[in-house]
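Enquirer: Let me begin by handing over the structure; questions about it come next.
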Amino acid sequence: MLPLGLLSLALVFSAFQTGGTGATSTAEESSGPKKISLTSRRIPKGGIARRALSPVSLPLVDYFNGTDLQWYVGTPPQNLTVVFDTGSVTLEIASTDCGHACANQVQFDPTKSSTFVDGGETDTLTFGTGVGVDPVVGNNWQLQLRSAQDTVAIGGISVANVSLSMITGQTVTFAPDPFSGIQGMSPSANGLFAGLVNQGLPSLFSFYLTPHNIGNAELTLGAIDQSKFQGNLTYTSITDPESSFWQAQSSSVIVNDKTVAINSTRLFVFDSGTSNMLMPKDDAEAIYAAISSKIQPFADEPNTYGIPCSELSSLSATISLVFTSESGAPFNLTIPSSEFSVGPFKRNPDICQALINTMDKAWIVGASVLKHYYSVWDLGGKRLGFAATNSSSASNSTTGSSNSTNTTSGSTPANSTSAACLRVGQSNTGFWLGLFIFLAGSLLI
């Protein structure tokens, strides 16, 4: 998902757990990197001096509604699911103050958390992209928030006083969502992730996103699972290390093996929470013109395009975005023709919606690309890494790339397969709130 003024992506993670009486744990309780969602605060550049925490892998569930929309962590009993969002910088969770508007989500009850601290500040967060592929119209994707702090932990490692926002109201567009909030995973880490890094977690995470029919998607915090991809990882530097966006420069766009006439380079934001792609109208129409003249704007839904569904079986629509690796060699991230349609329009099922929606001054790459590649999000190295997954037909065409497992100086990421739990707060009785994340001090059931 993409907040206005702050491009935001969303991927779900679930498993807030409360249990035990200790507020925090120390690095001695576990050793190695972990998979967790992030809240945004800066983490220091360079190596990790402390002993690394053990890697943690979280299985992800595909929220499929006609097409792949979001991936989120599996659901232990009473879990609180949260989207892992690489374009967002904070943790937002549905609370009991949200009431009926959040009826479909598990709601955090702050009155049952002994470590909860009410920040008292309210805010409104408006998104520029929603959970699915429907266009945003005005303020139809919006959250009302109240600031707070609580203890958050994963895999037995706790971070006290993590800043978060309780969702106290939301627009009806969020109502069907199976997840209870958003965990920011921007290049600037804060709160939970920064606390874990301070305890020795390597400052990177990896996504293994898969189409609905394949499953077994996974998020790994602090490690790279080399069993999930083919060949070597190819890294590209993010363009602005101080930005809140995972942004990389693309030199050109290729459609069906021919370069599209787009006037200049583009800065693409990689958004794990955006389901399709967004770009300005001129660029989108240049790409569509290279595919078929039958692709036309769909008047009932502004900023979308469609093509008669009967045309899809014979349509050739392979789109490749060209980037430059750290070694200076070009490489492609390719969207196969099978991804071109995200399904029929509800208002006219004979017309199928095309992959790219339009948005002024925004170039966003979402799940349509990411589910074909294993991706490494290296905060310490300020870079993104890609390799075609073992389940994908996409190719990562590059020369001179290297498969680097030493993603931050002094860190040694390892293969990660075990699930972990994230805990928020202290509880007097054990309680699972959804994801592998505990949220709520004294949660009582």
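By convention in this document, the chains of the structure tokens carry letters A, B, ... by their order, each chain's residues are numbered from 1, and ligands are numbered from 1 in the order they are shown.
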Wanna dump the segment 131-234 of chain A-segment 241-264 of chain A contacts at 10 Å for me, each residue with its shortest atom pair and the distance in Å to one decimal, counting only C-alpha atoms, ordered by chain and number, as a tab-separated table?
Expert:
residue	atom	partner	partner_atom	distance
A:Met185	CA	A:Ser244	CA	9.2
A:Ser186	CA	A:Ser244	CA	5.6
A:Pro187	CA	A:Ser244	CA	5.8
A:Ser188	CA	A:Ser244	CA	6.1
A:Ala189	CA	A:Ser244	CA	9.3
Enquirer: Quick one: residues within 7 Å of Leu204 of chain A, only C-alpha atoms, excluding same-chain residues fewer than 6 positions away - as a ChimeraX atom specification?
Expert: /A:221-223,377-380
Enquirer: May I have the selected residues written with all heavy atoms, as a PDB file, in the first residue's frame?
Expert:
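Result saved to out35.pdb:
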ATOM      1  N   LEU A 221      13.882 -12.676   8.389  1.00  0.00           N
ATOM      2  CA  LEU A 221      14.523 -11.507   8.980  1.00  0.00           C
ATOM      3  C   LEU A 221      15.958 -11.849   9.349  1.00  0.00           C
ATOM      4  O   LEU A 221      16.215 -12.818  10.060  1.00  0.00           O
ATOM      5  CB  LEU A 221      13.773 -11.045  10.227  1.00  0.00           C
ATOM      6  CG  LEU A 221      12.375 -10.493   9.989  1.00  0.00           C
ATOM      7  CD1 LEU A 221      11.725 -10.138  11.308  1.00  0.00           C
ATOM      8  CD2 LEU A 221      12.408  -9.284   9.078  1.00  0.00           C
ATOM      9  N   GLY A 222      16.901 -11.059   8.828  1.00  0.00           N
ATOM     10  CA  GLY A 222      18.300 -11.208   9.192  1.00  0.00           C
ATOM     11  C   GLY A 222      19.030 -12.298   8.458  1.00  0.00           C
ATOM     12  O   GLY A 222      20.134 -12.679   8.857  1.00  0.00           O
ATOM     13  N   ALA A 223      18.476 -12.821   7.365  1.00  0.00           N
ATOM     14  CA  ALA A 223      19.133 -13.928   6.684  1.00  0.00           C
ATOM     15  C   ALA A 223      18.668 -14.044   5.243  1.00  0.00           C
ATOM     16  O   ALA A 223      17.702 -13.407   4.821  1.00  0.00           O
ATOM     17  CB  ALA A 223      18.883 -15.233   7.427  1.00  0.00           C
ATOM     18  N   TRP A 377      16.441  -7.296   1.019  1.00  0.00           N
ATOM     19  CA  TRP A 377      16.305  -5.879   1.334  1.00  0.00           C
ATOM     20  C   TRP A 377      17.360  -5.561   2.380  1.00  0.00           C
ATOM     21  O   TRP A 377      17.161  -5.811   3.576  1.00  0.00           O
ATOM     22  CB  TRP A 377      14.889  -5.585   1.812  1.00  0.00           C
ATOM     23  CG  TRP A 377      13.827  -6.152   0.893  1.00  0.00           C
ATOM     24  CD1 TRP A 377      13.566  -7.480   0.664  1.00  0.00           C
ATOM     25  CD2 TRP A 377      12.910  -5.429   0.076  1.00  0.00           C
ATOM     26  NE1 TRP A 377      12.535  -7.627  -0.242  1.00  0.00           N
ATOM     27  CE2 TRP A 377      12.114  -6.383  -0.621  1.00  0.00           C
ATOM     28  CE3 TRP A 377      12.662  -4.070  -0.123  1.00  0.00           C
ATOM     29  CZ2 TRP A 377      11.103  -6.019  -1.503  1.00  0.00           C
ATOM     30  CZ3 TRP A 377      11.653  -3.706  -1.003  1.00  0.00           C
ATOM     31  CH2 TRP A 377      10.887  -4.671  -1.683  1.00  0.00           C
ATOM     32  N   ASP A 378      18.483  -5.054   1.926  1.00  0.00           N
ATOM     33  CA  ASP A 378      19.679  -4.901   2.755  1.00  0.00           C
ATOM     34  C   ASP A 378      19.768  -3.467   3.269  1.00  0.00           C
ATOM     35  O   ASP A 378      20.241  -2.563   2.567  1.00  0.00           O
ATOM     36  CB  ASP A 378      20.907  -5.271   1.917  1.00  0.00           C
ATOM     37  CG  ASP A 378      22.201  -5.257   2.711  1.00  0.00           C
ATOM     38  OD1 ASP A 378      22.176  -4.836   3.885  1.00  0.00           O
ATOM     39  OD2 ASP A 378      23.234  -5.670   2.160  1.00  0.00           O
ATOM     40  N   LEU A 379      19.316  -3.264   4.519  1.00  0.00           N
ATOM     41  CA  LEU A 379      19.327  -1.918   5.091  1.00  0.00           C
ATOM     42  C   LEU A 379      20.745  -1.439   5.330  1.00  0.00           C
ATOM     43  O   LEU A 379      21.075  -0.278   5.072  1.00  0.00           O
ATOM     44  CB  LEU A 379      18.548  -1.887   6.409  1.00  0.00           C
ATOM     45  CG  LEU A 379      17.029  -1.974   6.332  1.00  0.00           C
ATOM     46  CD1 LEU A 379      16.565  -3.394   6.083  1.00  0.00           C
ATOM     47  CD2 LEU A 379      16.407  -1.440   7.616  1.00  0.00           C
ATOM     48  N   GLY A 380      21.623  -2.319   5.846  1.00  0.00           N
ATOM     49  CA  GLY A 380      22.992  -1.924   6.132  1.00  0.00           C
ATOM     50  C   GLY A 380      23.759  -1.577   4.875  1.00  0.00           C
ATOM     51  O   GLY A 380      24.535  -0.619   4.841  1.00  0.00           O
TER      52      GLY A 380
END
Enquirer: Which residues are near segment 87-102 of chain A? Cut-off 6 Å, only C-alpha atoms, ignore same chain within fewer than 2 positions. Put them as a count of residues only.
Expert: 26
Enquirer: Find, counting only C-alpha atoms, the residue in A:Val376, A:Ile295, A:Gly381, A:Asp300 that gets nearest to Gln226 of chain A.
Expert: A:Val376
Enquirer: DSSP on the backbone, then: every residue of segment 131-371 of chain A marked helix (DSSP H, G or I), written as number ranges by chain.
Expert: A: 172-174, 191-198, 226-228, 281-291, 309-314, 337-339, 367-370
Enquirer: Give me every strand (DSSP E or B) residue in segment 144-320 of chain A, going by DSSP on the backbone, as a PyMOL selection string.
Expert: chain A and resi 144-154+157-170+181-184+190+204-208+217-221+229+234-237+247-255+258-259+266-270+277-279+296-297+305-308+319-320
Enquirer: Can you tell me which residues surround segment 316-322 of chain A at a distance of at most 10 Å, considering only C-alpha atoms, apart from same-chain residues fewer than 2 positions away, and format the answer as a ChimeraX atom specification?
Expert: /A:249-260,265-266,268,287-288,290-292,311-314,324-325,330-341,365,369,394-398
